[in-house]
Amino acid sequence: MRIAIPKGRLQDRALGVFAGAGYKVPDDADLKTRKLVFDRGGIEWIFVKDCDVPVYVEHGAADAGIAGLDQILEHECTAYQPVELPFGRCRMMLIAAPGAPPLTKVATKYPRITRQFLDSRGVRAEIVPLGGSVELAAVLKLTSHVVDLVETGETVRVHKLELQDVIAEISPRLIVGKNFYRTEPKQVRELIAKVEEAVNVAR
Amino acid sequence: MATNSRYPTGVHPLLAEETARRRRIEARFVDAFSGAGFAEVVLPIIDYVEPYASLVDSTAAKQSYRFVDREGDLVAIRADFTPMLARALAPAITAGELPLRLFYRGDVIRVEASRLGANRELFQIGAEIIGDDSIDADLAMLRLAADLVSDPAIVYNDVSIAAVLIAESSAVREALSAKRMTPGVPAALQTIVAKLISGEATLDDVAPFAPEAAARLSAIGDALDGDATFALHLDDIEDIGYYTGLRFRVYAGAARAKVAQGGRYDTLYERFGQRAAAIGFTFTIDDLD
């Protein structure tokens, strides 16, 4: 079984879940090396950028992984999401510059989610895809609005921006690839049961 | 951006070796189909969009490559053989001719923007039995699919069970698609949905909701008699589409890739003017080892 761990924000807690579930996961010494693939306890752990976890799992290059709903939605990932994890909760929000004109231009790291949101509201607006520090687009008036994740709201406050609308409640999930789910039901059930238990204990 | 070496995304030529490989696989399928009494039909590569409008949902519609032809009509490149065969056959068949056993082969083009490779040209070969709603036809197609590849794993279910549950609450669809219980599932359905998600559900559990489907699956299970190739997955509700009953997927090879899918669509032909039950499957040859 190959499990994809998102590097960055969720990495430590994602590994914590699997460790809590009784899996032997790569330790700190392992992670200090520059390796991205580790065999531990009969499982291959791979470390990929958070936005790539759904891609690996969707195409079966990883059997399961931890991914935020933001990345799952943005990649239209169809993998199953059997366990919602109790950390890293945040919101996908529409954020405006103070005194912004009506929504005509919006910057985001999530063009697909933004497009769907705009369509659902019947708003015609141009999307400016950015790689990061999206709030800056509104601060510097590149766009009037941005769509981004809001965890504490600190970034938004610091930049004196305004939260306008909640697009989605975001949480990380254990995702399991469809082919793996259908062809290895025993392994899948065991994985889900263990992770579920670890999550319930942590709660 | 045309260059000398590039092709549009998702298409590529097959040179001699790859072509020989494809033809070998194709020949194996054609032999098996002929041996089982299936006759070949050829369907057009493009067709009008309009006749299919009622049965193609918006996701599926987005997957087809569409354009306006010289007469100003909206047409689509073939993305699915089954509705095309129904449209071609329905006006031409009489009840006396049924059942028919037919097969077809050729390319389909799917626009799958989120997948690896945006537009994809896939070579498919499929077979159908039209005008036979019996369990024997179900079994014949399941076994034929199993015989076409080595070491297959076939997962089957009946989509009408999920359809009944989803009709009561769309939250059931969300829960079954995510494989996680959600608060929106009505209290009366929570037990069955939880059992489906955990994989504990049995035919006895689903029988109160869909007695006919449960009885049919039970008969199919008995006939398959413990053959480990086949596994009943009651929670499998993906892509219900035009399917009305038995639904199955075939996995094969070391990577356990999905190589074929199929099922029963007993109401498809009447949408084109002729009532006829039908069951079929399609293999995507590119996915085969």
# chains A, B, ... in the order shown; residues from 1 in each chain; ligands from 1
$ residues_around --residues "range 92-104 of chain B" --least-positions-apart "5" --cutoff "6 Å" --atoms "only C-alpha atoms" --output "mmCIF file with N, CA and C atoms, in the first residue's frame"
data_model
loop_
_atom_site.group_PDB
_atom_site.id
_atom_site.type_symbol
_atom_site.label_atom_id
_atom_site.label_comp_id
_atom_site.auth_asym_id
_atom_site.auth_seq_id
_atom_site.Cartn_x
_atom_site.Cartn_y
_atom_site.Cartn_z
ATOM 1 N N PHE B 38 -21.958 -13.213 -31.218
ATOM 2 C CA PHE B 38 -22.158 -11.770 -31.382
ATOM 3 C C PHE B 38 -21.754 -11.347 -32.791
ATOM 4 N N ALA B 39 -22.584 -10.485 -33.402
ATOM 5 C CA ALA B 39 -22.283 -9.982 -34.747
ATOM 6 C C ALA B 39 -21.835 -8.535 -34.646
ATOM 7 N N GLU B 40 -20.941 -8.126 -35.558
ATOM 8 C CA GLU B 40 -20.390 -6.768 -35.460
ATOM 9 C C GLU B 40 -21.274 -5.730 -36.149
ATOM 10 N N VAL B 41 -21.336 -4.557 -35.542
ATOM 11 C CA VAL B 41 -21.971 -3.394 -36.172
ATOM 12 C C VAL B 41 -20.967 -2.243 -36.154
ATOM 13 N N ILE B 125 -13.886 -1.599 -27.283
ATOM 14 C CA ILE B 125 -14.578 -2.698 -27.940
ATOM 15 C C ILE B 125 -15.621 -3.206 -26.946
ATOM 16 N N GLY B 126 -16.843 -3.309 -27.413
ATOM 17 C CA GLY B 126 -17.915 -3.643 -26.487
ATOM 18 C C GLY B 126 -18.928 -4.582 -27.090
ATOM 19 N N ALA B 127 -19.716 -5.198 -26.228
ATOM 20 C CA ALA B 127 -20.734 -6.142 -26.683
ATOM 21 C C ALA B 127 -22.019 -5.922 -25.912
ATOM 22 N N GLU B 128 -23.146 -6.231 -26.557
ATOM 23 C CA GLU B 128 -24.432 -6.036 -25.902
ATOM 24 C C GLU B 128 -25.390 -7.166 -26.274
ATOM 25 N N ILE B 129 -26.254 -7.488 -25.335
ATOM 26 C CA ILE B 129 -27.390 -8.356 -25.655
ATOM 27 C C ILE B 129 -28.633 -7.487 -25.549
ATOM 28 N N ILE B 130 -29.364 -7.371 -26.639
ATOM 29 C CA ILE B 130 -30.543 -6.506 -26.671
ATOM 30 C C ILE B 130 -31.798 -7.375 -26.734
ATOM 31 N N GLY B 131 -32.742 -7.070 -25.856
ATOM 32 C CA GLY B 131 -34.012 -7.791 -25.882
ATOM 33 C C GLY B 131 -34.017 -9.030 -25.010
ATOM 34 N N ASP B 132 -33.224 -9.027 -23.983
ATOM 35 C CA ASP B 132 -33.219 -10.160 -23.059
ATOM 36 C C ASP B 132 -33.025 -9.612 -21.644
#
$ select_by_dssp --residues "range 33-277 of chain B" --states "helix (DSSP H, G or I)" --output "VMD selection string"
chain B and resid 33 to 35 50 to 52 58 to 63 81 to 89 95 to 97 135 to 148 159 to 168 170 to 178 187 to 198 203 to 206 211 to 224 269 to 272
$ interface_residues --of "chain A" --to "chain B" --cutoff "10 Å" --atoms "only C-alpha atoms" --output "list in words"
Val55, Glu58, His59, Gly60, Ala61, Glu74, His75, Glu76, Cys77, Thr78, Ala79, Tyr80, Gln81, Pro82, Val83, Glu84, Ile175, Val176, Lys178, Asn179, Phe180, Arg182, Thr183, Glu184, Pro185, Arg189, Ile192 and Ala193 of chain A
$ residues_around --residues "Ala97 in chain A" --least-positions-apart "2" --cutoff "12 Å" --atoms "only C-alpha atoms" --output "PyMOL selection string"
chain A and resi 94-95+99-103+105-107+134-147+156-157+159-164
$ write_last_selection --atoms "N, CA and C atoms" --output "CSV table (one decimal), in the first residue's frame"
chain,number,residue,atom,x,y,z
A,94,LEU,N,-14.7,34.4,0.1
A,94,LEU,CA,-14.6,35.5,-0.8
A,94,LEU,C,-14.2,36.7,0.0
A,95,ILE,N,-13.1,37.3,-0.4
A,95,ILE,CA,-12.5,38.4,0.4
A,95,ILE,C,-12.4,39.7,-0.5
A,99,GLY,N,-14.1,48.9,0.5
A,99,GLY,CA,-14.7,49.8,-0.5
A,99,GLY,C,-14.6,49.3,-1.9
A,100,ALA,N,-14.5,47.9,-2.0
A,100,ALA,CA,-14.3,47.4,-3.4
A,100,ALA,C,-15.5,47.6,-4.2
A,101,PRO,N,-15.3,47.7,-5.5
A,101,PRO,CA,-16.5,47.8,-6.5
A,101,PRO,C,-17.1,46.4,-6.6
A,102,PRO,N,-18.2,46.3,-7.3
A,102,PRO,CA,-18.8,45.0,-7.4
A,102,PRO,C,-17.8,44.0,-8.1
A,103,LEU,N,-18.0,42.8,-7.8
A,103,LEU,CA,-17.1,41.7,-8.2
A,103,LEU,C,-16.9,41.6,-9.7
A,105,LYS,N,-13.3,41.2,-10.9
A,105,LYS,CA,-12.0,40.5,-11.1
A,105,LYS,C,-11.6,39.9,-9.8
A,106,VAL,N,-11.3,38.6,-9.8
A,106,VAL,CA,-11.0,37.9,-8.5
A,106,VAL,C,-9.7,37.1,-8.7
A,107,ALA,N,-8.8,37.3,-7.8
A,107,ALA,CA,-7.5,36.5,-7.8
A,107,ALA,C,-7.6,35.3,-6.9
A,134,VAL,N,-2.2,35.4,-2.1
A,134,VAL,CA,-3.3,35.9,-2.9
A,134,VAL,C,-3.8,37.3,-2.4
A,135,GLU,N,-3.8,37.4,-1.1
A,135,GLU,CA,-4.4,38.6,-0.5
A,135,GLU,C,-3.8,39.9,-1.1
A,136,LEU,N,-2.5,39.8,-1.4
A,136,LEU,CA,-1.8,40.9,-1.9
A,136,LEU,C,-2.4,41.5,-3.2
A,137,ALA,N,-3.1,40.6,-3.9
A,137,ALA,CA,-3.7,41.1,-5.2
A,137,ALA,C,-4.8,42.1,-4.9
A,138,ALA,N,-5.5,41.9,-3.7
A,138,ALA,CA,-6.5,42.9,-3.4
A,138,ALA,C,-5.9,44.1,-2.8
A,139,VAL,N,-4.8,43.9,-2.0
A,139,VAL,CA,-4.1,45.0,-1.3
A,139,VAL,C,-3.6,46.0,-2.4
A,140,LEU,N,-3.0,45.4,-3.4
A,140,LEU,CA,-2.3,46.2,-4.5
A,140,LEU,C,-3.3,46.5,-5.6
A,141,LYS,N,-4.6,46.2,-5.4
A,141,LYS,CA,-5.6,46.5,-6.4
A,141,LYS,C,-5.4,45.8,-7.8
A,142,LEU,N,-4.7,44.7,-7.8
A,142,LEU,CA,-4.6,43.9,-9.0
A,142,LEU,C,-6.1,43.4,-9.3
A,143,THR,N,-6.7,43.0,-8.2
A,143,THR,CA,-8.2,42.6,-8.4
A,143,THR,C,-8.9,43.3,-7.2
A,144,SER,N,-10.2,43.3,-7.4
A,144,SER,CA,-11.1,43.9,-6.3
A,144,SER,C,-11.3,42.8,-5.2
A,145,HIS,N,-11.3,41.6,-5.6
A,145,HIS,CA,-11.6,40.5,-4.7
A,145,HIS,C,-10.6,39.4,-4.8
A,146,VAL,N,-10.5,38.5,-3.7
A,146,VAL,CA,-9.8,37.3,-3.8
A,146,VAL,C,-10.6,36.2,-3.2
A,147,VAL,N,-10.3,35.0,-3.7
A,147,VAL,CA,-10.9,33.8,-3.0
A,147,VAL,C,-9.7,33.0,-2.4
A,156,VAL,N,-6.2,38.4,6.8
A,156,VAL,CA,-7.2,39.3,6.3
A,156,VAL,C,-7.2,40.6,7.1
A,157,ARG,N,-7.1,40.5,8.4
A,157,ARG,CA,-7.2,41.6,9.3
A,157,ARG,C,-5.9,42.5,9.1
A,159,HIS,N,-4.2,43.0,6.6
A,159,HIS,CA,-4.2,43.7,5.3
A,159,HIS,C,-5.5,44.5,5.2
A,160,LYS,N,-6.3,44.6,6.3
A,160,LYS,CA,-7.5,45.4,6.3
A,160,LYS,C,-8.4,45.1,5.2
A,161,LEU,N,-8.6,43.8,4.9
A,161,LEU,CA,-9.5,43.3,3.9
A,161,LEU,C,-10.8,42.9,4.6
A,162,GLU,N,-11.8,42.5,3.8
A,162,GLU,CA,-13.1,42.3,4.3
A,162,GLU,C,-13.6,40.9,3.9
A,163,LEU,N,-14.1,40.1,4.9
A,163,LEU,CA,-14.6,38.8,4.5
A,163,LEU,C,-16.0,39.0,4.0
A,164,GLN,N,-16.3,38.5,2.8
A,164,GLN,CA,-17.6,38.8,2.3
A,164,GLN,C,-18.5,37.5,2.2
$ residues_around --residues "range 40-49 of chain A" --least-positions-apart "4" --cutoff "8 Å" --atoms "only C-alpha atoms" --output "ChimeraX atom specification"
/A:1-8,23-26,36,53
$ select_by_dssp --residues "range 66-266 of chain B" --states "strand (DSSP E)" --output "MDAnalysis selection string"
chainID B and resid 66:68 74:77 100:111 119:130 153:158 230:232 246:252 257:264
$ write_last_selection --atoms "C-alpha atoms" --output "PDB file, in the first residue's frame"
ATOM      1  CA  ARG B  66     -18.857  19.123 -29.722  1.00  0.00           C
ATOM      2  CA  PHE B  67     -18.963  21.505 -32.625  1.00  0.00           C
ATOM      3  CA  VAL B  68     -21.313  23.061 -35.128  1.00  0.00           C
ATOM      4  CA  LEU B  74     -24.619  20.821 -33.098  1.00  0.00           C
ATOM      5  CA  VAL B  75     -22.790  17.520 -33.422  1.00  0.00           C
ATOM      6  CA  ALA B  76     -20.564  15.505 -31.099  1.00  0.00           C
ATOM      7  CA  ILE B  77     -17.723  13.095 -31.682  1.00  0.00           C
ATOM      8  CA  LEU B 100     -29.804  -9.653 -30.584  1.00  0.00           C
ATOM      9  CA  ARG B 101     -26.143 -10.143 -29.733  1.00  0.00           C
ATOM     10  CA  LEU B 102     -23.990  -7.381 -31.160  1.00  0.00           C
ATOM     11  CA  PHE B 103     -20.509  -6.009 -30.732  1.00  0.00           C
ATOM     12  CA  TYR B 104     -18.667  -2.906 -31.934  1.00  0.00           C
ATOM     13  CA  ARG B 105     -15.201  -1.429 -31.825  1.00  0.00           C
ATOM     14  CA  GLY B 106     -13.670   1.940 -32.486  1.00  0.00           C
ATOM     15  CA  ASP B 107     -12.466   5.169 -30.979  1.00  0.00           C
ATOM     16  CA  VAL B 108     -14.247   7.414 -28.552  1.00  0.00           C
ATOM     17  CA  ILE B 109     -13.039  10.873 -27.642  1.00  0.00           C
ATOM     18  CA  ARG B 110     -13.528  12.132 -24.107  1.00  0.00           C
ATOM     19  CA  VAL B 111     -12.676  15.591 -22.900  1.00  0.00           C
ATOM     20  CA  ASN B 119      -8.771  15.164 -24.572  1.00  0.00           C
ATOM     21  CA  ARG B 120      -8.397  11.463 -24.804  1.00  0.00           C
ATOM     22  CA  GLU B 121      -8.840   9.193 -27.717  1.00  0.00           C
ATOM     23  CA  LEU B 122      -9.672   5.748 -26.409  1.00  0.00           C
ATOM     24  CA  PHE B 123     -10.038   2.574 -28.416  1.00  0.00           C
ATOM     25  CA  GLN B 124     -12.981   0.600 -27.147  1.00  0.00           C
ATOM     26  CA  ILE B 125     -14.578  -2.698 -27.940  1.00  0.00           C
ATOM     27  CA  GLY B 126     -17.915  -3.643 -26.487  1.00  0.00           C
ATOM     28  CA  ALA B 127     -20.734  -6.142 -26.683  1.00  0.00           C
ATOM     29  CA  GLU B 128     -24.432  -6.036 -25.902  1.00  0.00           C
ATOM     30  CA  ILE B 129     -27.390  -8.356 -25.655  1.00  0.00           C
ATOM     31  CA  ILE B 130     -30.543  -6.506 -26.671  1.00  0.00           C
ATOM     32  CA  ALA B 153     -11.516  -9.138 -10.650  1.00  0.00           C
ATOM     33  CA  ILE B 154     -15.124  -8.171 -11.274  1.00  0.00           C
ATOM     34  CA  VAL B 155     -17.112  -6.030  -8.888  1.00  0.00           C
ATOM     35  CA  TYR B 156     -20.877  -5.983  -9.374  1.00  0.00           C
ATOM     36  CA  ASN B 157     -23.941  -4.338  -7.937  1.00  0.00           C
ATOM     37  CA  ASP B 158     -27.448  -3.256  -8.897  1.00  0.00           C
ATOM     38  CA  PHE B 230     -16.744 -11.850  -8.723  1.00  0.00           C
ATOM     39  CA  ALA B 231     -17.439  -9.689  -5.701  1.00  0.00           C
ATOM     40  CA  LEU B 232     -20.698  -8.001  -4.782  1.00  0.00           C
ATOM     41  CA  LEU B 246     -26.889  -4.793 -12.785  1.00  0.00           C
ATOM     42  CA  ARG B 247     -23.710  -2.735 -12.939  1.00  0.00           C
ATOM     43  CA  PHE B 248     -20.186  -4.122 -13.022  1.00  0.00           C
ATOM     44  CA  ARG B 249     -16.546  -3.153 -13.437  1.00  0.00           C
ATOM     45  CA  VAL B 250     -13.646  -5.320 -14.501  1.00  0.00           C
ATOM     46  CA  TYR B 251     -10.158  -4.877 -13.044  1.00  0.00           C
ATOM     47  CA  ALA B 252      -7.120  -6.689 -14.393  1.00  0.00           C
ATOM     48  CA  ALA B 257      -6.476  -1.106 -13.385  1.00  0.00           C
ATOM     49  CA  LYS B 258     -10.091  -0.797 -14.440  1.00  0.00           C
ATOM     50  CA  VAL B 259     -10.274  -2.207 -17.946  1.00  0.00           C
ATOM     51  CA  ALA B 260     -13.996  -2.514 -18.555  1.00  0.00           C
ATOM     52  CA  GLN B 261     -17.369  -1.552 -17.216  1.00  0.00           C
ATOM     53  CA  GLY B 262     -20.908  -2.374 -18.083  1.00  0.00           C
ATOM     54  CA  GLY B 263     -24.391  -3.086 -16.900  1.00  0.00           C
ATOM     55  CA  ARG B 264     -28.061  -3.251 -17.689  1.00  0.00           C
TER      56      ARG B 264
END
